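Peer 1: Structure file protein35.txt (compact mmCIF, C-alpha atoms) right here:
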```txt
# COMPACT_ATOMS: atom_id res chain seq x y z
CA GLY C 1 -41.13 87.97 99.82
CA GLY C 2 -39.37 86.10 102.69
CA TRP C 3 -35.99 84.46 102.44
CA ASP C 4 -35.36 80.73 102.28
CA ARG C 5 -33.22 79.22 105.08
CA GLY C 6 -32.02 76.60 102.59
CA MET C 7 -30.48 79.35 100.47
CA VAL C 8 -28.47 80.58 103.43
CA ARG C 9 -27.38 77.05 104.37
CA SER C 10 -26.25 76.19 100.83
CA SER C 11 -24.38 79.43 100.27
CA PRO C 12 -21.13 78.46 102.10
CA GLU C 13 -21.12 75.08 100.35
CA SER C 14 -21.48 76.59 96.89
CA SER C 15 -18.82 79.21 97.73
CA LEU C 16 -16.49 76.42 98.87
CA THR C 17 -17.13 74.49 95.64
CA LEU C 18 -16.32 77.57 93.55
CA TYR C 19 -13.21 78.23 95.66
CA SER C 20 -12.05 74.62 95.29
CA ALA C 21 -12.60 74.70 91.53
CA SER C 22 -10.68 77.98 91.30
CA ARG C 23 -7.77 76.55 93.34
CA ALA C 24 -7.74 73.40 91.17
CA ASN C 25 -7.56 75.55 88.02
CA GLU C 26 -4.71 77.58 89.50
CA ASP C 27 -2.79 74.38 90.30
CA VAL C 28 -3.25 73.08 86.74
CA GLU C 29 -2.27 76.50 85.34
CA ARG C 30 0.95 76.47 87.39
CA GLU C 31 1.82 72.96 86.23
CA LEU C 32 1.14 73.88 82.60
CA ILE C 33 3.20 77.09 82.80
CA MET C 34 6.12 75.16 84.29
CA LEU C 35 6.01 72.46 81.57
CA CYS C 36 5.79 75.10 78.84
CA ALA C 37 8.87 76.82 80.29
CA VAL C 38 11.07 73.72 80.67
CA THR C 39 10.25 72.58 77.11
CA SER C 40 10.87 76.06 75.63
CA ARG C 41 7.26 76.62 74.50
CA GLY C 42 6.98 72.95 73.50
CA THR C 43 9.83 73.22 70.99
CA TYR C 44 11.99 70.67 72.83
CA ALA C 45 9.20 68.63 74.44
CA THR C 46 9.60 64.86 74.50
CA ASN C 47 6.62 62.77 73.42
CA ASP C 48 5.74 62.17 77.08
CA GLU C 49 5.96 65.89 77.91
CA ARG C 50 3.80 66.77 74.90
CA VAL C 51 1.17 64.24 76.04
CA GLN C 52 1.34 65.76 79.54
CA ILE C 53 0.84 69.27 78.16
CA GLN C 54 -2.11 68.19 75.99
CA THR C 55 -3.66 66.39 78.98
CA LEU C 56 -3.40 69.53 81.14
CA ILE C 57 -4.90 71.64 78.33
CA SER C 58 -7.83 69.20 78.00
CA ARG C 59 -8.44 69.36 81.77
CA MET C 60 -8.70 73.15 81.63
CA GLU C 61 -11.02 73.29 78.62
CA GLY C 62 -14.78 72.82 78.67
CA HIS C 63 -15.92 75.66 80.96
CA ASP C 64 -18.59 78.01 79.64
CA LEU C 65 -16.75 81.09 78.37
CA ASN C 66 -19.53 82.56 76.25
CA THR C 67 -20.18 85.75 78.25
CA SER C 68 -19.57 89.43 77.50
CA ASP C 69 -17.23 89.66 80.53
CA ASN C 70 -14.99 87.00 79.01
CA VAL C 71 -15.11 88.65 75.60
CA GLU C 72 -13.73 91.85 77.11
CA LYS C 73 -11.16 89.82 79.11
CA LEU C 74 -9.59 88.84 75.77
CA SER C 75 -8.28 92.39 75.40
CA GLY C 76 -4.63 92.82 76.29
CA LYS C 77 -1.16 91.75 75.22
CA TRP C 78 -0.50 88.00 75.38
CA LYS C 79 2.79 86.15 74.85
CA VAL C 80 3.00 82.61 73.48
CA ILE C 81 4.22 80.10 76.07
CA TYR C 82 3.28 76.94 74.12
CA ALA C 83 2.59 76.09 70.50
CA GLY C 84 1.28 72.75 69.25
CA ASP C 85 3.07 73.53 65.98
CA ASP C 86 5.96 75.80 64.96
CA ILE C 87 5.87 79.08 66.95
CA THR C 88 5.28 81.07 63.74
CA ARG C 89 1.93 79.28 63.38
CA THR C 90 0.52 81.44 66.17
CA SER C 91 0.10 84.10 63.48
CA PRO C 92 -3.30 84.14 61.70
CA PHE C 93 -1.35 84.86 58.50
CA PHE C 94 -0.29 81.21 58.41
CA TRP C 95 -3.85 80.01 59.22
CA ALA C 96 -5.17 81.98 56.22
CA PHE C 97 -2.24 80.89 54.03
CA GLN C 98 -2.98 77.22 54.73
CA LYS C 99 -6.71 77.74 54.17
CA ALA C 100 -6.10 79.51 50.83
CA LEU C 101 -3.90 76.68 49.54
CA LYS C 102 -5.91 73.82 51.05
CA GLY C 103 -5.95 70.86 48.67
CA VAL C 104 -3.37 72.33 46.28
CA VAL C 105 -0.67 69.68 45.75
CA GLN C 106 2.97 70.02 44.71
CA PRO C 107 5.16 67.54 42.75
CA VAL C 108 8.36 67.28 44.86
CA PRO C 109 8.36 63.80 46.46
CA MET C 110 10.57 64.56 49.49
CA LEU C 111 8.21 67.31 50.71
CA PRO C 112 4.62 67.06 52.03
CA SER C 113 2.18 66.71 49.14
CA GLU C 114 -0.04 69.65 50.14
CA LEU C 115 1.57 72.85 48.83
CA SER C 116 1.07 74.93 52.00
CA ARG C 117 2.67 72.24 54.19
CA ALA C 118 5.55 71.90 51.71
CA ILE C 119 6.20 75.65 51.87
CA PHE C 120 6.04 75.53 55.69
CA ALA C 121 8.57 72.67 55.70
CA ILE C 122 10.95 74.85 53.71
CA THR C 123 10.45 78.04 55.76
CA ASP C 124 10.71 76.14 59.07
CA GLY C 125 14.05 74.79 57.94
CA ILE C 126 15.60 78.14 56.95
CA PRO C 127 19.17 78.06 58.32
CA PHE C 128 20.58 80.75 60.61
CA SER C 129 17.10 81.78 61.83
CA GLN C 130 15.81 81.79 65.38
CA ILE C 131 12.31 82.60 66.64
CA GLY C 132 12.19 84.99 69.59
CA GLN C 133 9.14 86.29 71.42
CA ALA C 134 5.72 85.80 69.84
CA THR C 135 2.77 87.89 71.01
CA GLN C 136 -0.85 88.69 70.23
CA THR C 137 -2.31 92.07 71.18
CA ILE C 138 -6.11 91.99 71.20
CA THR C 139 -8.39 95.01 71.45
CA VAL C 140 -12.11 94.18 71.42
CA ASN C 141 -15.27 95.79 72.77
CA GLN C 142 -18.08 94.09 74.71
CA ARG C 143 -19.55 92.75 71.47
CA GLY C 144 -16.23 91.16 70.52
CA ILE C 145 -15.48 93.53 67.63
CA GLY C 146 -11.96 94.91 67.25
CA GLU C 147 -8.44 94.05 66.18
CA LEU C 148 -5.75 91.43 66.77
CA VAL C 149 -2.09 92.20 66.06
CA SER C 150 0.20 89.16 65.95
CA SER C 151 3.95 89.73 66.24
CA VAL C 152 6.64 87.05 65.82
CA GLU C 153 10.28 88.00 66.37
CA VAL C 154 12.61 86.44 63.80
CA LYS C 155 16.38 86.68 64.40
CA LEU C 156 18.72 86.07 61.47
CA GLY C 157 22.44 85.50 61.89
CA VAL C 158 24.22 84.69 58.64
CA PHE C 159 27.69 86.14 59.20
CA ASP C 160 27.95 86.21 63.00
CA ALA C 161 31.68 86.89 62.89
CA LEU C 162 31.07 90.07 60.87
CA VAL C 163 27.51 91.12 61.75
CA PRO C 164 25.67 90.19 64.97
CA PRO C 165 22.23 88.52 64.57
CA GLN C 166 19.62 90.97 63.30
CA THR C 167 15.94 91.12 64.21
CA GLY C 168 12.63 91.65 62.41
CA PHE C 169 9.06 91.26 63.61
CA LEU C 170 6.59 89.41 61.35
CA THR C 171 3.48 91.46 62.13
CA THR C 172 -0.03 90.51 61.04
CA THR C 173 -3.04 92.76 61.64
CA SER C 174 -6.47 91.12 61.60
CA SER C 175 -9.95 92.44 62.26
CA VAL C 176 -11.94 90.55 64.91
CA ALA C 177 -15.68 89.84 64.91
CA PRO C 178 -17.88 87.28 66.68
CA SER C 179 -18.26 84.09 64.66
CA PRO C 180 -21.85 83.46 63.43
CA SER C 181 -21.64 80.06 65.17
CA ASN C 182 -20.75 81.72 68.51
CA THR C 183 -24.22 81.36 70.04
CA THR C 184 -23.90 78.47 72.46
CA GLY C 185 -21.18 76.18 73.72
CA ALA C 186 -18.21 76.44 76.03
CA ALA C 187 -15.70 78.11 73.70
CA LEU C 188 -15.49 81.70 72.52
CA LEU C 189 -15.46 81.76 68.71
CA GLN C 190 -14.12 84.73 66.79
CA ASP C 191 -13.63 85.32 63.09
CA LEU C 192 -10.25 86.85 62.27
CA THR C 193 -9.91 88.49 58.87
CA VAL C 194 -6.27 89.00 57.90
CA GLN C 195 -5.81 92.56 56.66
CA LYS C 196 -2.04 92.93 56.20
CA THR C 197 1.29 91.31 57.09
CA GLU C 198 4.58 93.18 57.19
CA ILE C 199 8.08 93.06 58.68
CA LYS C 200 8.32 95.74 61.38
CA ASN C 201 11.27 97.22 63.30
CA SER C 202 13.67 95.25 61.12
CA THR C 203 17.46 95.46 61.16
CA TRP C 204 17.80 92.65 58.57
CA GLU C 205 19.13 95.13 56.00
CA LYS C 206 22.43 95.16 57.96
CA ILE C 207 23.00 91.60 56.74
CA PRO C 208 24.52 91.48 53.22
CA LEU C 209 22.00 90.42 50.53
CA LEU C 210 19.01 90.70 52.91
CA SER C 211 18.08 94.36 52.51
CA ALA C 212 15.32 93.48 50.02
CA VAL C 213 13.84 90.78 52.28
CA SER C 214 13.10 93.26 55.05
CA LYS C 215 10.84 95.18 52.64
CA LEU C 216 8.93 92.13 51.38
CA ALA C 217 5.21 92.59 50.79
CA PHE C 218 3.17 89.63 52.06
CA PRO C 219 -0.19 88.42 50.74
CA SER C 220 -2.97 90.54 52.24
CA LYS C 221 -6.71 90.03 52.48
CA ASP C 222 -7.22 90.71 48.75
CA ALA C 223 -4.46 88.29 47.73
CA PHE C 224 -5.87 85.47 49.87
CA GLU C 225 -9.40 86.10 48.57
CA ALA C 226 -8.11 86.00 44.99
CA ILE C 227 -6.64 82.53 45.58
CA SER C 228 -9.67 81.14 47.42
CA LYS C 229 -12.91 82.88 48.39
CA SER C 230 -13.23 83.63 52.14
CA SER C 231 -9.75 82.25 52.87
CA ALA C 232 -8.66 85.53 54.52
CA THR C 233 -11.14 84.84 57.31
CA VAL C 234 -10.21 82.16 59.83
CA GLU C 235 -11.79 81.05 63.09
CA MET C 236 -10.10 81.51 66.46
CA LYS C 237 -11.53 79.31 69.22
CA THR C 238 -10.70 80.33 72.80
CA THR C 239 -11.24 77.26 74.97
CA TYR C 240 -9.85 78.52 78.29
CA LEU C 241 -9.56 82.04 79.69
CA SER C 242 -8.47 83.33 83.08
CA ASP C 243 -6.90 86.61 84.21
CA ASP C 244 -3.47 85.16 83.48
CA LEU C 245 -3.83 82.41 80.86
CA ARG C 246 -5.57 81.83 77.52
CA ILE C 247 -5.82 78.66 75.44
CA THR C 248 -6.73 79.14 71.79
CA ARG C 249 -7.18 76.66 68.94
CA ASN C 250 -7.15 77.34 65.21
CA GLU C 251 -9.44 75.73 62.64
CA LEU C 252 -7.19 72.64 62.53
CA GLY C 253 -7.61 72.20 66.30
CA THR C 254 -3.96 73.06 67.05
CA ALA C 255 -3.62 74.40 70.61
CA PHE C 256 -1.68 77.52 71.56
CA VAL C 257 -1.21 78.72 75.14
CA PHE C 258 -0.77 82.42 75.91
CA ARG C 259 0.13 84.22 79.13
CA ARG C 260 -1.03 87.78 79.75
CA VAL C 261 1.67 90.45 79.59
CA SER C 262 -0.61 93.46 80.10
```
Would you mind giving the structure from this file in structure tokens?
Peer 2:
Amino acid sequence: GGWDRGMVRSSPESSLTLYSASRANEDVERELIMLCAVTSRGTYATNDERVQIQTLISRMEGHDLNTSDNVEKLSGKWKVIYAGDDITRTSPFFWAFQKALKGVVQPVPMLPSELSRAIFAITDGIPFSQIGQATQTITVNQRGIGELVSSVEVKLGVFDALVPPQTGFLTTTSSVAPSPSNTTGAALLQDLTVQKTEIKNSTWEKIPLLSAVSKLAFPSKDAFEAISKSSATVEMKTTYLSDDLRITRNELGTAFVFRRVS
């Protein structure tokens, strides 16, 4: 049961390699965080900046994340610092909505032919609205079972001279479970099942004609399932995870970058 001199000799080298890799990741993280900030979460990114961001994301992906330690590391509150689509699309509600209406077409020629994309085009263009902070709060155990609460702040200012902009939080609660396909591979795969979506902490009712909107009931799990079987369950793929940063993709492959708040 003696020790091998080679093991002792190689130990500093392997430690140095791990240290170098860690430093390289930190450098890429810093660069990505800076680009996300100057482009306002990607909202005002030029084509070149968007390519830069996607390149940095690709460089960070590919490490083996499929361990119980990493599953538990998902727990916490994360704020969106980059979205490869509209910021609202960080909510699993929109992932399920698009899945439920996949392939359903609409007749209006000036809008996208797929119904879900046409509806998104309308909602994204709602005047007087502004998207504030978007967060995901994840609580999972070592087996990856738990809950994800997505919150997107929506500010509405219709009559600014009379009423200051008012705020509501589009809040979606989803159950979390390991995806059946989460056996091997670099990414962490979780199934999110949308349970309910509601407007929370809203002051929209202070705006004339909007009191009813703040009490809107959104499609829940049962409503999505009625439209299309299994559409309430969507896959969340975490492709990068550190103490500070998380990169997640939805089923369409759209990338979202989150920074840990707590």
Peer 1: From the options C:Thr193, C:Thr88, C:Ser151, C:Asn66, which residue's atoms come nearest to Asp222 in chain C, counting all atoms listed in the file?
Peer 2: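 Comparing C:Thr193, C:Thr88, C:Ser151, C:Asn66 against Asp222 in chain C, the winner is C:Thr193.
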Peer 1: Identify which of the residues C:Ile145, C:Val154, C:Ala96, C:Val176 lies closest to Lys221 in chain C, counting all atoms listed in the file when measuring atom-to-atom distances.
Peer 2: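 Comparing C:Ile145, C:Val154, C:Ala96, C:Val176 against Lys221 in chain C, the winner is C:Ala96.
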Peer 1: Please indicate the distance in Å from CA of Gln190 in chain C to CA of Gly144 in chain C, rounded to one decimal place.
Peer 2: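 According to the coordinates, CA of Gln190 in chain C and CA of Gly144 in chain C are separated by 7.7 Å.
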Peer 1: Find the residue from C:Glu235, C:Ala223, C:Tyr82, C:Tyr44 that sits nearest to Leu32 in chain C; use all atoms listed in the file when measuring.
Peer 2: C:Tyr82
Peer 1: Please indicate the distance in Å from CA of Ser220 in chain C to CA of Gln130 in chain C, rounded to one decimal place.
Peer 2: 24.5 Å
Peer 1: Between C:Ser230, C:Gln98, C:Ser262, C:Ser68, which has the minimum distance to Val140 in chain C (counting all atoms listed in the file)?
Peer 2: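 Between C:Ser230, C:Gln98, C:Ser262, C:Ser68, the residue approaching Val140 in chain C most closely is C:Ser68.
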Peer 1: At a cut-off of 9 Å, using all atoms listed in the file, what residues contact Glu147 in chain C? Leave out same-chain residues fewer than 6 positions from it and give the result as a list in words.
Peer 2: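 My reading of the contact set: Thr137, Ile138, Thr139, Val140, Thr173, Ser174, Ser175, Val176, Ala177 and Leu192 of chain C.
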Peer 1: Return the single residue from C:Thr39, C:Leu101, C:Asn47, C:Lys73 that is closest to Ala226 in chain C, with distances computed using all atoms listed in the file.
Peer 2: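 Comparing C:Thr39, C:Leu101, C:Asn47, C:Lys73 against Ala226 in chain C, the winner is C:Leu101.
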Peer 1: What does the structure give for the distance between CA of Lys79 in chain C and CA of Phe258 in chain C, in Å to one decimal?
Peer 2: 5.3 Å
Peer 1: Just need the box for range 234-240 of chain C, edges along x, y and z, holding every atom the file lists for it with 5 Å tacked onto each side, so centre and edge lengths in Å to one decimal, as lines of an AutoDock Vina configuration file.
Peer 2:
```
center_x = -10.8
center_y = 79.7
center_z = 69.1
size_x = 11.9
size_y = 14.9
size_z = 28.5
```
Peer 1: Find the residues around Thr203 in chain C up to 7 Å (all atoms listed in the file counted), leave out those fewer than 5 positions away in its own chain, and share them as a VMD selection string.
Peer 2: chain C and resid 166 to 168
Peer 1: Which is closer to Gly62 in chain C than all the others in C:Pro165, C:Ser91, C:Tyr240, C:Ala45, using all atoms listed in the file?
Peer 2: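 Nearest to Gly62 in chain C: C:Tyr240.
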